[in-house]
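Enquirer: Quick one: the structure is below, questions incoming.
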Amino acid sequence: MRRYFISLLVMTLTLVLATFVMMWTLPQHYLPVMPLLALYFGVLCGLQHWFVTRAMYRSPKIFIQMFLGSVIAVLFIHIIILAAYLFTHPSHAHLFSLAFCVGYAVSLVFETVALVRFVNRERRRRLEEKK
């Protein structure tokens with residue numbers, strides 16, 4: 001779990017650094033909320049991973065329920081955040097939507113790879129315990 005949180009921290013800091021590079025190179029396309037988006041996606045990824053991996057130790061049924069429930073909950077949270085910002089700041093809608101989509105794509109790929117690695121590691125560990 002420590003390795004996951006270190007790599008999550010690296011991903012989040014990379015996204016924050018990318019937003020600051022954008023601030024310095026393209027200031028007209030920078031929004032002050034962009035670094036906060038990186039932190040938002042980092043925190044949400046960490047919480048989702050923590051809930052799902054804890055459920056893995058219970059039973060496969062609970063793991064699947066927690067995984068699907070967390071995916072749906074995170075998607076609803078994303079929709080609420082995106083809609084709230086777009087309705088309150090319509091002049092920045094295009095830039096925010098683009099930044100949100102980039103953050104979502106990066107966090108989705110990161111979390112998918114992390115969960116696949118975790119499940120494979122757990123499967124190998126359980127097979128070795130049976131031997």
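Residue names in the structure tokens use chain letters A, B, ... in the order shown, residue numbers from 1 in each chain, and ligand numbers from 1 in the order shown.
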Find the residues near segment 48-64 of chain A: any atom within 8 Å, counting only C-alpha atoms, skip ones fewer than 5 places away on the same chain, and give them as a PyMOL selection string.
Expert: chain A and resi 70-71+74+111+115+118
Enquirer: Could you write those residues out with C-alpha atoms, as a short mmCIF file (atom, residue, chain, number, x, y, z; two decimals), in the first residue's frame?
Expert:
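out.cif, written as the output of this step:
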```
data_model
loop_
_atom_site.label_atom_id
_atom_site.label_comp_id
_atom_site.auth_asym_id
_atom_site.auth_seq_id
_atom_site.Cartn_x
_atom_site.Cartn_y
_atom_site.Cartn_z
CA SER A 70 -16.98 3.27 -5.80
CA VAL A 71 -16.85 3.72 -9.57
CA VAL A 74 -16.75 8.74 -8.07
CA GLU A 111 -6.13 3.74 -10.90
CA LEU A 115 -5.94 -2.08 -9.28
CA PHE A 118 -2.99 -5.21 -6.82
#
```
Enquirer: Name the residues in contact with segment 28-44 of chain A at a cut-off of 7 Å, using only C-alpha atoms, excluding same-chain residues fewer than 2 positions from it; report them as an MDAnalysis selection string.
Expert: chainID A and resid 8 12 15:16 19 22:23 26 46:48 95 99 103 107
Enquirer: Can you write just those residues out, all heavy atoms, as a CSV table (one decimal), in the first residue's frame?
Expert:
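Okay, this is what ended up in again00.csv:
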```
chain,number,residue,atom,x,y,z
A,8,LEU,N,1.0,7.5,-6.2
A,8,LEU,CA,-0.1,8.4,-6.3
A,8,LEU,C,0.4,9.8,-6.0
A,8,LEU,O,0.0,10.8,-6.7
A,8,LEU,CB,-1.2,8.1,-5.3
A,8,LEU,CG,-2.4,9.0,-5.3
A,8,LEU,CD1,-3.1,8.9,-6.6
A,8,LEU,CD2,-3.3,8.6,-4.1
A,12,THR,N,0.2,13.0,-8.6
A,12,THR,CA,-0.4,14.2,-8.2
A,12,THR,C,0.6,15.4,-8.4
A,12,THR,O,0.3,16.4,-8.9
A,12,THR,CB,-0.9,14.1,-6.8
A,12,THR,OG1,-1.8,13.0,-6.7
A,12,THR,CG2,-1.6,15.4,-6.4
A,15,LEU,N,1.1,16.2,-12.0
A,15,LEU,CA,0.0,17.0,-12.6
A,15,LEU,C,0.1,18.5,-12.1
A,15,LEU,O,-0.2,19.4,-12.8
A,15,LEU,CB,-1.4,16.4,-12.2
A,15,LEU,CG,-1.8,15.2,-12.9
A,15,LEU,CD1,-3.1,14.6,-12.3
A,15,LEU,CD2,-2.0,15.5,-14.4
A,16,VAL,N,0.4,18.7,-10.8
A,16,VAL,CA,0.5,20.0,-10.3
A,16,VAL,C,1.7,20.8,-11.0
A,16,VAL,O,1.5,21.9,-11.4
A,16,VAL,CB,0.8,20.0,-8.7
A,16,VAL,CG1,1.2,21.4,-8.2
A,16,VAL,CG2,-0.5,19.5,-8.0
A,19,THR,N,0.6,21.9,-14.4
A,19,THR,CA,-0.2,23.1,-14.4
A,19,THR,C,0.6,24.3,-14.2
A,19,THR,O,0.4,25.4,-14.8
A,19,THR,CB,-1.3,23.0,-13.3
A,19,THR,OG1,-0.7,22.9,-12.0
A,19,THR,CG2,-2.2,21.9,-13.5
A,22,MET,N,2.3,25.1,-17.3
A,22,MET,CA,1.3,25.8,-18.2
A,22,MET,C,1.1,27.3,-17.8
A,22,MET,O,1.0,28.1,-18.6
A,22,MET,CB,0.0,25.1,-18.1
A,22,MET,CG,-1.0,25.6,-19.1
A,22,MET,SD,-2.4,24.5,-19.0
A,22,MET,CE,-3.5,25.4,-20.1
A,23,MET,N,1.2,27.5,-16.5
A,23,MET,CA,1.1,28.9,-16.0
A,23,MET,C,2.2,29.8,-16.5
A,23,MET,O,2.0,30.9,-16.9
A,23,MET,CB,1.0,28.9,-14.5
A,23,MET,CG,0.9,30.3,-13.9
A,23,MET,SD,0.9,30.3,-12.1
A,23,MET,CE,2.6,29.8,-11.7
A,26,LEU,N,2.0,29.3,-20.9
A,26,LEU,CA,0.7,29.8,-21.5
A,26,LEU,C,-0.2,30.5,-20.5
A,26,LEU,O,-1.2,29.9,-20.1
A,26,LEU,CB,0.0,28.6,-22.2
A,26,LEU,CG,0.7,27.8,-23.3
A,26,LEU,CD1,0.0,26.5,-23.5
A,26,LEU,CD2,0.8,28.7,-24.5
A,46,GLY,N,-6.9,8.0,-4.3
A,46,GLY,CA,-6.5,7.4,-3.0
A,46,GLY,C,-7.6,6.8,-2.2
A,46,GLY,O,-7.5,5.7,-1.7
A,47,LEU,N,-8.7,7.6,-2.0
A,47,LEU,CA,-9.8,7.0,-1.3
A,47,LEU,C,-10.5,5.9,-2.0
A,47,LEU,O,-10.8,4.9,-1.3
A,47,LEU,CB,-10.9,8.2,-1.1
A,47,LEU,CG,-10.5,9.3,-0.1
A,47,LEU,CD1,-11.5,10.4,-0.1
A,47,LEU,CD2,-10.3,8.7,1.3
A,48,GLN,N,-10.6,6.0,-3.3
A,48,GLN,CA,-11.3,4.9,-4.0
A,48,GLN,C,-10.4,3.6,-3.9
A,48,GLN,O,-10.9,2.5,-3.7
A,48,GLN,CB,-11.4,5.2,-5.5
A,48,GLN,CG,-12.1,4.2,-6.3
A,48,GLN,CD,-12.3,4.6,-7.8
A,48,GLN,OE1,-11.7,5.6,-8.2
A,48,GLN,NE2,-13.1,3.9,-8.5
A,95,LEU,N,-11.8,25.9,-20.9
A,95,LEU,CA,-10.5,25.5,-20.3
A,95,LEU,C,-10.7,24.6,-19.1
A,95,LEU,O,-9.9,23.6,-18.9
A,95,LEU,CB,-9.8,26.8,-19.8
A,95,LEU,CG,-9.3,27.7,-20.9
A,95,LEU,CD1,-8.7,29.0,-20.3
A,95,LEU,CD2,-8.2,27.0,-21.7
A,99,ALA,N,-9.1,20.8,-18.8
A,99,ALA,CA,-8.2,20.4,-17.7
A,99,ALA,C,-8.9,19.2,-16.9
A,99,ALA,O,-8.1,18.3,-16.5
A,99,ALA,CB,-8.0,21.6,-16.8
A,103,GLY,N,-7.2,15.5,-16.4
A,103,GLY,CA,-7.0,14.9,-15.0
A,103,GLY,C,-7.8,13.7,-14.9
A,103,GLY,O,-7.3,12.7,-14.3
A,107,SER,N,-6.0,10.1,-14.1
A,107,SER,CA,-6.3,9.3,-12.9
A,107,SER,C,-7.0,8.0,-13.2
A,107,SER,O,-6.8,7.0,-12.5
A,107,SER,CB,-7.2,10.2,-12.0
A,107,SER,OG,-8.5,10.4,-12.6
```
Enquirer: What residues in segment 8-99 of chain A get the DSSP label alpha helix (DSSP H)? Please answer as a PyMOL selection string.
Expert: chain A and resi 8-25+34-56+60-88+93-99
